[in-house]
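Visitor: One structure, as structure tokens, below. Some questions next.
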Amino acid sequence: MRDMISLALVGIGGYGNSYVSALLDAQPSEQRTFRWTAAIDPSPQSCRRLGEVETRGVRIFRSLEDFYESNRADLVIISTPLHLHARQTCDALAHGSHVLCEKPLCVTPDDAIDMARARDAAGKQVAIGYQWSFSAAIHRLKADIHAGALGRPKRMRCLVLWPRDETYYRRNRWAGAKKDAHGNLVLDSPVNNACAHYLHNLFYLLGPAVDRSDQPARVTAELYRAHPIENYDTAAVRCLTQSGAEILFVVSHATANRRGPVFSCEFERATVDFADSGEGGTITARFNDGTTKSYGSPNDGKWEKLWSSIRAAADNTPPLCGIEAAFAHTRCAWAAQQSMPEIVEFSKSIVRVEGPAGARRTWVDGLENALKECYDQFQLPSETGVAWATPGREVSVAAMSAEAADRKTQD
């Protein structure tokens, strides 16, 4: 292992501000593992600590192309809008850099195939920043699942209700969009962006290896919107995995109150529960014989994804969460869009808008209770009989993946 690697950060505004702080505030032991040489952003003024970045001697570039004209980096961190992930990852790989790309992996299964091919051609590593996949708590639980200590997995569910106001949807031109201004697919949604961590986590826990996920086989989704956006802000997604487990993911940006993430995983010999209390929460298994086991909080060690990626770049070793592990989420999110391509709008009679102009909150009357019932009963909204619900069609992910592979072969 080399003593220090060179590092470039793409995207220093938005969520990139968090990476800026992690790098600037790193402990001395961590500081000795990297040289932060470049920050890449077309609007660097959006970085809250830009002065400190420049004082640190980090050079500012407007684009990856500008950076690579006369520079290189051992590791490139990509913290940019999701529809840029595939192109920027492939570009960095082509220039000989390892990559840590923020979640989600990309927009389409085709993008994921391109990224994997670019990685293999470059002989480099690509980590995807699902931070729970780098946490000790998740890996302790995953090891017990893989060892059979909990018995066969039966079904898993997760509920995330994170209200968002109009500031969230107006922060950029692609929030809540299906396509950007140039016609490129974005498919921004709570499933594919803000809450992607928690759907990915269910696939990841069931993966057959430490760096793999279980894969979706069949997906049925119901997609709704209350905000004036193009895509959806509320979803219920049911997935049957290749291993035979059933997953239910219920999520919304249009409820009156915040709840979650909460998840529950049922196995033959135990049930594993987690609820974020605002102070971390603890994953706990309750076995059929009455015993319990605590695995700790998945929120501990949030930046292990960064330090682990730095070590992986130095050693050229595979990451705990790479393209293959993250691909399950991309397939499921893509299939969900195919399950209900026309988003259902909530009736204006139950949509509430309140608050000052510029920061108005939009929420649906009764939605929180309805989605909580879906979670509790392991049902989609249309199965509970709620008046506004519309069923989606079942999508075969195997058939969808075969079509993508055929396209890539023809290309």
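By order of appearance in the structure tokens: chains A, B, ..., then residues from 1 within every chain, and ligands from 1 in the order shown.
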Within 10 Å of region 88-102 of chain A, which residues of region 219-311 of chain A show up? Give each one with its shortest atom-to-atom distance in Å (one decimal) and the two atoms involved, counting only C-alpha atoms, rows by chain then rising residue number, as CSV.
Guide:
```
residue,atom,partner,partner_atom,distance
A:Lys305,CA,A:Leu100,CA,8.3
A:Leu306,CA,A:Leu100,CA,7.6
A:Ser308,CA,A:Leu100,CA,9.8
A:Ser309,CA,A:Leu100,CA,6.5
A:Ile310,CA,A:Leu100,CA,8.8
```
Visitor: If you run DSSP on the backbone, which residues of region 217-301 of chain A are strand (DSSP E or B), as a PyMOL selection string?
Guide: chain A and resi 217-225+234-241+246-252+259-267+270-275+283-287+292-296
Visitor: Which of these residues is nearest to Trp162 (chain A), using only C-alpha atoms: A:Asp110, A:Glu304, A:Asp233, A:Asp25?
Guide: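 Distance minimum relative to Trp162 (chain A) lands on A:Asp233.
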Visitor: Give me the residues within 9 Å of Gln379 (chain A) as a list of chain:residue names, counting only C-alpha atoms and dropping any in the same chain fewer than 6 places off.
Guide: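 Using only C-alpha atoms, the neighbours found are A:Ala236, A:Arg238, A:Leu248, A:Glu373.
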Visitor: Could you give me, as a VMD selection string, the residues within 6 Å of region 359-367 of chain A, counting only C-alpha atoms and dropping anything in the same chain fewer than 5 positions from it?
Guide: chain A and resid 165 to 167 254 to 256 350 to 354
Visitor: Taking into account only C-alpha atoms, which residue in the set A:Ile128, A:Leu205, A:Val76, A:Ala116 is nearest to Arg140 (chain A)?
Guide: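 Checking each candidate against Arg140 (chain A), we get A:Leu205 as the closest.
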Visitor: Go through A:Val262, A:His200, A:Thr271, A:Asp300 one by one, measure the shortest atom-to-atom distance of each to Cys332 (chain A) using only C-alpha atoms, and give the residue with the smallest value.
Guide: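 Checking each candidate against Cys332 (chain A), we get A:His200 as the closest.
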Visitor: Could you name the residues that touch Gln242 (chain A) at 10 Å or less, counting only C-alpha atoms, but leaving out those on the same chain fewer than 3 positions away, as a PyMOL selection string?
Guide: chain A and resi 214-218+239+245-246+397-398
Visitor: Could you write those residues out with N, CA and C atoms, as a compact mmCIF listing (two decimals), in the first residue's frame?
Guide:
```txt
# COMPACT_ATOMS: atom_id res chain seq x y z
N ASP A 214 -28.56 -9.46 -3.57
CA ASP A 214 -29.59 -10.24 -4.23
C ASP A 214 -30.15 -9.39 -5.36
N GLN A 215 -30.73 -10.00 -6.37
CA GLN A 215 -31.21 -9.26 -7.54
C GLN A 215 -32.73 -9.36 -7.66
N PRO A 216 -33.38 -8.31 -8.16
CA PRO A 216 -34.83 -8.37 -8.35
C PRO A 216 -35.20 -9.29 -9.50
N ALA A 217 -36.28 -10.02 -9.35
CA ALA A 217 -36.79 -10.88 -10.42
C ALA A 217 -38.08 -10.32 -11.01
N ARG A 218 -39.02 -9.91 -10.15
CA ARG A 218 -40.28 -9.33 -10.61
C ARG A 218 -40.61 -8.11 -9.75
N CYS A 239 -41.20 -6.27 -4.70
CA CYS A 239 -40.23 -6.99 -5.53
C CYS A 239 -40.04 -8.40 -5.01
N ALA A 245 -37.00 -14.19 -1.81
CA ALA A 245 -37.50 -13.30 -0.77
C ALA A 245 -38.40 -12.24 -1.39
N GLU A 246 -39.27 -11.67 -0.56
CA GLU A 246 -40.17 -10.61 -1.03
C GLU A 246 -39.80 -9.31 -0.34
N VAL A 397 -37.93 -8.57 -14.47
CA VAL A 397 -36.62 -7.94 -14.56
C VAL A 397 -35.68 -8.78 -15.42
N ALA A 398 -35.87 -10.09 -15.42
CA ALA A 398 -35.03 -10.96 -16.25
C ALA A 398 -35.23 -10.62 -17.73
```
